[in-house]
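Written out below as structure tokens is the structure these notes cover.
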Amino acid sequence: MTITHAPAPPAAEVNAALPTEAPDHERVLITRGPRSGLTIIVAVHSTRLGQALGGARLWRYSHWTDGLADALRLSQAMTMKNAAAGLARGGGKSVVAIPAGVTLDDAQKRDAMLDLGDAVESLGGAYMTAEDVGTSAELMAVVHERTEHVCGLPAEQGGVGEPADATAAGVHASIIATLGHVFGSTDATGRHLVISGLGQVGGRLARSLAAAGARLTVTDVAADKRALADELGAAWVDPADAHRVEADVFVPCGLGGVLTPEVVDEFRVRAVVGAANNQLASRDVARLLTERRIVWAPDFVVNAGGVIYLDVASEPDADQAALDARIAGIGETVVAVLRDAEQRGSTTLEAAERLARARLDAAR
Ligand SMILES: NC(=O)c1ccc[n+]([C@@H]2O[C@H](COP(=O)([O-])OP(=O)(O)OC[C@H]3O[C@@H](n4cnc5c(N)ncnc54)[C@H](O)[C@@H]3O)[C@@H](O)[C@H]2O)c1
């Protein structure tokens with residue numbers, strides 16, 4: 001294949017350090033895609049609860065080992081997410097690493113997805129892939145040409161499509177549950193929420209929270225999202241200042257790593273509940289949030305709606321009412337985690353991890 005070199009390296013390359021501790025993954029496949037020439041990594045962290053499920057990331061990495069580090073970390077997080085969500089699913093993740101400065105055209109993306117399909121198939125069903133950052137339902141349909149172990153195909157092809165609606169519904173339920181925990185009322189009317197990131201999930205949430213009567217301040221690094229703020233009558237704030245707004249809840253729906261010690265120090269909210277993955281810049285930030293009495297609903301519990309949707313809706317006898325109940329149940333899980341943390345004097349992160357580990361231990 002021909003790789004076209006962009007004039008300047010794209011901004012969003014991932015640099016990720018490999019863990020110093022040896023990985024505890026069941027299997028990690030690292031292979032060079034014969035069609036695409038790209039490094040493909042499939043990390044199966046755990047199948048203790050069932051076939052590992054987690055998305056495929058097609059992204060730029062400064063070095064292929066950054067892609068490996070990402071896959072190791074993300075697959076481990078999927079084990080916790082799927083266990084905390086009560087799914088009979090293990091944790092896994094795949095990464096197709098695009099070298100720095102390289103842009104793929106459509107034919108090259110297709111080659112990459114066919115290679116990914118072969119890599120997934122070679123694991124004999126230990127891992128099922130789905131869309132994630134840089135991939136889509138359409139690209140999953142290409143993966144499907146090489147393996148059955150893929151979900152989230154386009155609806156026209158009999159698939160269940162992309163899961164953003166379900167993710168947003170789960171985050172909405174989590175926010176309502178957290179309001180109940182913090183303020184003693186689940187009524188969002190007049191509550192002031194700050195949403196940072198108005199993409200697939202944040203945009204849907206802004207609509208559902210506005211409909212629930214919340215007062216919104218919103219932001220995005222993409223200035224064109226301001227139209228949604230205007231449509232909903234929401235206030236707009238500069239992205240860099242969003243975390244300083246005095247409000248009830250901060251709702252991170254952009255990229256991960258947003259909760260740094262500095263940000264937590266400047267927060268003027270009572271709770272943080274959002275869709276973004278890996279919100280904590282480091283584990284100690286969970287303790288800083290607890291010390292400042294800011295209730296953080298752990299991201300991997302809050303944003304599990306998408307994976308619940310992919311799991312439940314992909315079943316042949318999928319039932320919408322059962323799915324809705326499972327998504328709404330995320331709110332109950334959030335409350336259980338927040339109460340457990342309060343009772344034991346632990347961080348909410350530790351409480352969510354206890355819940356996930358208990359389910360994993362029960363399956364030994
Ligand atoms: N889509 C899903 O079903 C799903 C499921 C689980 C978790 N998540 C996580 O939720 C987050 C949002 O997902 P999405 O699908 O809506 O992504 P998206 O790419 O559609 O939207 C992200 C939005 O955040 C904005 N953004 C990026 N950096 C920002 C910053 N610093 N400040 C403000 N805005 C910023 C982007 O411009 C974009 O509009 C991601 O972290 C994703 O990993 C999504």
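Going through the structure tokens in order, the chains are called A, B, and so on, while each chain numbers its residues from 1 and the ligands are numbered from 1 in the order shown.
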
Report as CSV: every residue of chain A with an atom at most 9 Å from ligand 1, its closest pair of atoms, and their distance in Å to one decimal, counting only C-alpha atoms and all ligand atoms, with rows sorted by chain and ascending residue number.
```
residue,atom,partner,partner_atom_place_in_ligand_line,distance
A:Glu131,CA,ligand 1,3 (O),8.9
A:Asp132,CA,ligand 1,43 (O),7.4
A:Val133,CA,ligand 1,43 (O),6.9
A:Gly134,CA,ligand 1,19 (O),9.0
A:Glu162,CA,ligand 1,3 (O),7.0
A:Pro163,CA,ligand 1,3 (O),4.6
A:Ala164,CA,ligand 1,3 (O),3.7
A:Asp165,CA,ligand 1,3 (O),7.1
A:Ala166,CA,ligand 1,3 (O),7.0
A:Thr167,CA,ligand 1,3 (O),4.8
A:Ala168,CA,ligand 1,3 (O),7.3
A:Ile195,CA,ligand 1,33 (C),8.4
A:Ser196,CA,ligand 1,33 (C),4.7
A:Gly197,CA,ligand 1,24 (O),3.5
A:Leu198,CA,ligand 1,39 (O),4.7
A:Gly199,CA,ligand 1,21 (O),3.1
A:Gln200,CA,ligand 1,16 (O),3.7
A:Val201,CA,ligand 1,16 (O),3.8
A:Gly202,CA,ligand 1,16 (O),5.5
A:Gly203,CA,ligand 1,16 (O),7.3
A:Arg204,CA,ligand 1,16 (O),8.6
A:Val218,CA,ligand 1,33 (C),8.7
A:Thr219,CA,ligand 1,33 (C),5.7
A:Asp220,CA,ligand 1,34 (N),3.5
A:Val221,CA,ligand 1,34 (N),4.6
A:Ala222,CA,ligand 1,37 (O),4.7
A:Ala223,CA,ligand 1,37 (O),8.3
A:Lys225,CA,ligand 1,39 (O),7.2
A:Asp238,CA,ligand 1,33 (C),8.6
A:Pro239,CA,ligand 1,32 (N),4.9
A:Ala240,CA,ligand 1,32 (N),7.2
A:Ala242,CA,ligand 1,32 (N),8.2
A:Pro252,CA,ligand 1,11 (C),7.7
A:Cys253,CA,ligand 1,12 (C),4.6
A:Gly254,CA,ligand 1,24 (O),3.4
A:Leu255,CA,ligand 1,41 (O),4.4
A:Gly256,CA,ligand 1,41 (O),5.4
A:Val258,CA,ligand 1,31 (N),7.6
A:Gly274,CA,ligand 1,10 (O),7.7
A:Ala275,CA,ligand 1,10 (O),4.2
A:Ala276,CA,ligand 1,41 (O),3.3
A:Asn277,CA,ligand 1,41 (O),4.4
A:Asn278,CA,ligand 1,41 (O),7.4
A:Gln279,CA,ligand 1,41 (O),8.0
A:Asp299,CA,ligand 1,7 (C),8.1
A:Phe300,CA,ligand 1,7 (C),8.0
A:Val302,CA,ligand 1,6 (C),8.6
A:Asn303,CA,ligand 1,6 (C),4.8
A:Ala304,CA,ligand 1,6 (C),6.2
A:Gly305,CA,ligand 1,5 (C),7.0
A:Gly306,CA,ligand 1,3 (O),4.7
A:Val307,CA,ligand 1,5 (C),7.2
```

May I have the selected residues written with C-alpha atoms, as a tab-separated table (two decimals), in the first residue's frame?
```tsv
chain	number	residue	atom	x	y	z
A	131	GLU	CA	-16.15	0.76	17.08
A	132	ASP	CA	-14.06	3.18	19.12
A	133	VAL	CA	-12.04	6.33	18.51
A	134	GLY	CA	-11.19	6.54	14.79
A	162	GLU	CA	-23.31	3.10	16.99
A	163	PRO	CA	-23.97	3.21	20.73
A	164	ALA	CA	-23.92	6.95	21.51
A	165	ASP	CA	-27.66	7.13	22.32
A	166	ALA	CA	-27.28	4.42	24.95
A	167	THR	CA	-24.11	5.97	26.37
A	168	ALA	CA	-25.82	9.35	26.69
A	195	ILE	CA	-20.99	20.16	29.92
A	196	SER	CA	-17.51	20.13	28.42
A	197	GLY	CA	-17.53	18.48	24.98
A	198	LEU	CA	-20.61	18.54	22.75
A	199	GLY	CA	-19.85	15.57	20.49
A	200	GLN	CA	-21.89	12.42	19.95
A	201	VAL	CA	-22.55	11.90	23.66
A	202	GLY	CA	-22.25	15.44	25.06
A	203	GLY	CA	-24.58	16.86	22.38
A	204	ARG	CA	-27.27	14.28	23.15
A	218	VAL	CA	-21.57	24.33	27.77
A	219	THR	CA	-18.30	24.39	25.88
A	220	ASP	CA	-16.33	22.63	23.16
A	221	VAL	CA	-12.99	23.22	21.48
A	222	ALA	CA	-14.91	23.14	18.18
A	223	ALA	CA	-16.44	26.62	17.90
A	225	LYS	CA	-20.83	23.60	18.55
A	238	ASP	CA	-14.34	29.19	26.96
A	239	PRO	CA	-13.10	25.54	27.17
A	240	ALA	CA	-10.18	26.51	29.41
A	242	ALA	CA	-15.28	25.57	32.04
A	252	PRO	CA	-16.74	15.95	31.14
A	253	CYS	CA	-17.65	14.63	27.69
A	254	GLY	CA	-14.48	15.41	25.72
A	255	LEU	CA	-11.12	13.68	26.06
A	256	GLY	CA	-9.67	11.75	29.00
A	258	VAL	CA	-9.14	16.18	32.34
A	274	GLY	CA	-19.50	12.51	32.61
A	275	ALA	CA	-18.97	10.28	29.60
A	276	ALA	CA	-15.25	10.80	28.98
A	277	ASN	CA	-13.09	7.71	29.44
A	278	ASN	CA	-10.13	7.77	31.84
A	279	GLN	CA	-11.01	11.15	33.36
A	299	ASP	CA	-16.31	7.09	34.49
A	300	PHE	CA	-16.24	3.37	33.77
A	302	VAL	CA	-21.17	6.06	34.19
A	303	ASN	CA	-20.31	5.49	30.52
A	304	ALA	CA	-21.13	1.76	30.32
A	305	GLY	CA	-24.38	2.39	28.40
A	306	GLY	CA	-22.64	1.90	25.06
A	307	VAL	CA	-21.14	-1.46	25.91
```

Per residue of segment 60-164 of chain A within 9 Å of segment 30-38 of chain A, which atom pair is closest and at what distance in Å (one decimal), using only C-alpha atoms, listed by chain and increasing number, as a Markdown table?
```
| residue | atom | partner | partner_atom | distance |
| --- | --- | --- | --- | --- |
| A:Leu68 | CA | A:Ile30 | CA | 8.2 |
| A:Val96 | CA | A:Leu38 | CA | 6.8 |
| A:Ala97 | CA | A:Leu38 | CA | 6.4 |
| A:Ile98 | CA | A:Leu38 | CA | 6.6 |
| A:Pro99 | CA | A:Leu38 | CA | 8.1 |
| A:Gln108 | CA | A:Ser36 | CA | 6.4 |
| A:Lys109 | CA | A:Ser36 | CA | 8.0 |
| A:Arg110 | CA | A:Ser36 | CA | 8.6 |
| A:Asp111 | CA | A:Ser36 | CA | 5.2 |
| A:Ala112 | CA | A:Ser36 | CA | 5.2 |
| A:Met113 | CA | A:Ser36 | CA | 8.7 |
| A:Leu114 | CA | A:Arg35 | CA | 7.9 |
| A:Asp115 | CA | A:Gly33 | CA | 5.1 |
| A:Leu116 | CA | A:Gly33 | CA | 7.4 |
| A:Asp118 | CA | A:Gly33 | CA | 8.7 |
| A:Ala119 | CA | A:Thr31 | CA | 7.7 |
```

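Our summary of the geometry notes that atom CA of Thr333 of chain A is positioned 25.1 Å from atom CA of Leu216 of chain A.
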
Which neighbours of His172 of chain A fall inside 8 Å, counting only C-alpha atoms, when residues of the same chain fewer than 5 positions from it are skipped, and could you give them as a compact mmCIF listing (two decimals) with C-alpha atoms, in the first residue's frame?
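Everything below was put into result.txt:
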```txt
# COMPACT_ATOMS: atom_id res chain seq x y z
CA LEU A 205 -26.86 14.87 26.89
CA SER A 208 -31.84 15.54 27.37
CA LEU A 209 -30.69 17.62 30.34
```

**Report entry** Proximity to Ala56 of chain A - best of A:Gly101, A:Gly92, A:Gly233, A:Gly180, only C-alpha atoms
**Finding:** A:Gly92

Give me, as a compact mmCIF listing (two decimals) with C-alpha atoms, in the first residue's frame, all polymer residues having an atom no more than 8 Å from Ser62 of chain A, counting only C-alpha atoms and skipping those fewer than 5 positions away in the same chain.
```txt
# COMPACT_ATOMS: atom_id res chain seq x y z
CA GLU A 13 -0.64 11.68 18.48
CA VAL A 14 -0.78 9.49 21.52
CA ASN A 15 2.29 9.15 23.72
CA PRO A 99 2.60 6.15 12.51
CA ALA A 100 3.12 9.83 13.27
```

Requested in this report: Select from segment 71-304 of chain A everything DSSP, run on the backbone, classes as helix (DSSP H, G or I), then give the selection as a count of residues only.
Outcome: 106

Query raised in the report: Where in segment 92-255 of chain A does DSSP assign strand (DSSP E or B), given as a ChimeraX atom specification?
Result: /A:92-99,102-103,127-129,131,150,192-196,215-219,235-236,246,249-252

Query raised in the report: Between A:Ala173, A:Ala52, A:Ala271, A:Ile40, which one has atoms that come closest to Lys81 of chain A, using only C-alpha atoms?
Result: A:Ala52

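When only C-alpha atoms are used to compute distances to Met78 of chain A, the closest of the residues A:Ile308, A:Ile330, A:Val249, A:Val182 turns out to be A:Ile308.
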
Restrict the calculation to only C-alpha atoms, then for each residue of segment 54-136 of chain A with any atom at most 6 Å from an atom of segment 340-363 of chain A give the closest atom pair and their distance in Å to one decimal, rows by chain and rising residue number, as CSV.
```
residue,atom,partner,partner_atom,distance
A:Met80,CA,A:Ala356,CA,5.5
A:Ala83,CA,A:Ala356,CA,4.9
A:Ala84,CA,A:Ala356,CA,4.4
```

Query - Two-atom distance - atom CA of Val237 of chain A, atom CA of Glu266 of chain A (Å) - result: 15.5 Å

Requested in this report: Give me the residues within 7 Å of Met128 of chain A as a list in words, counting only C-alpha atoms and dropping any in the same chain fewer than 4 places off.
Outcome: Gln51, Ala52, Leu53, Gly54, His149 and Val150 of chain A

Report summary line: If you count only C-alpha atoms, the residue of A:Ala17, A:Leu153, A:Ala43, A:Val160 closest to Glu315 of chain A turns out to be A:Val160

Report task. Please provide as a count of residues only all residues within 10 Å of Ala313 of chain A, with the sequence filter that same-chain residues fewer than 2 positions apart are discarded (counting only C-alpha atoms). Result -> 19

Report task. Please identify all polymer residues within 12 Å of Ile176 of chain A, counting only C-alpha atoms, omitting same-chain residues fewer than 2 positions from it, and present them as JSON, numbers by chain. Result -> {"A": [169, 170, 171, 172, 173, 174, 178, 179, 180, 181, 182, 183, 184, 185, 186, 187, 188, 189, 191, 193, 205, 208, 209, 212, 213, 214, 248, 249, 271, 272, 273, 274, 297, 302, 328, 329, 330, 331, 332, 334, 335]}
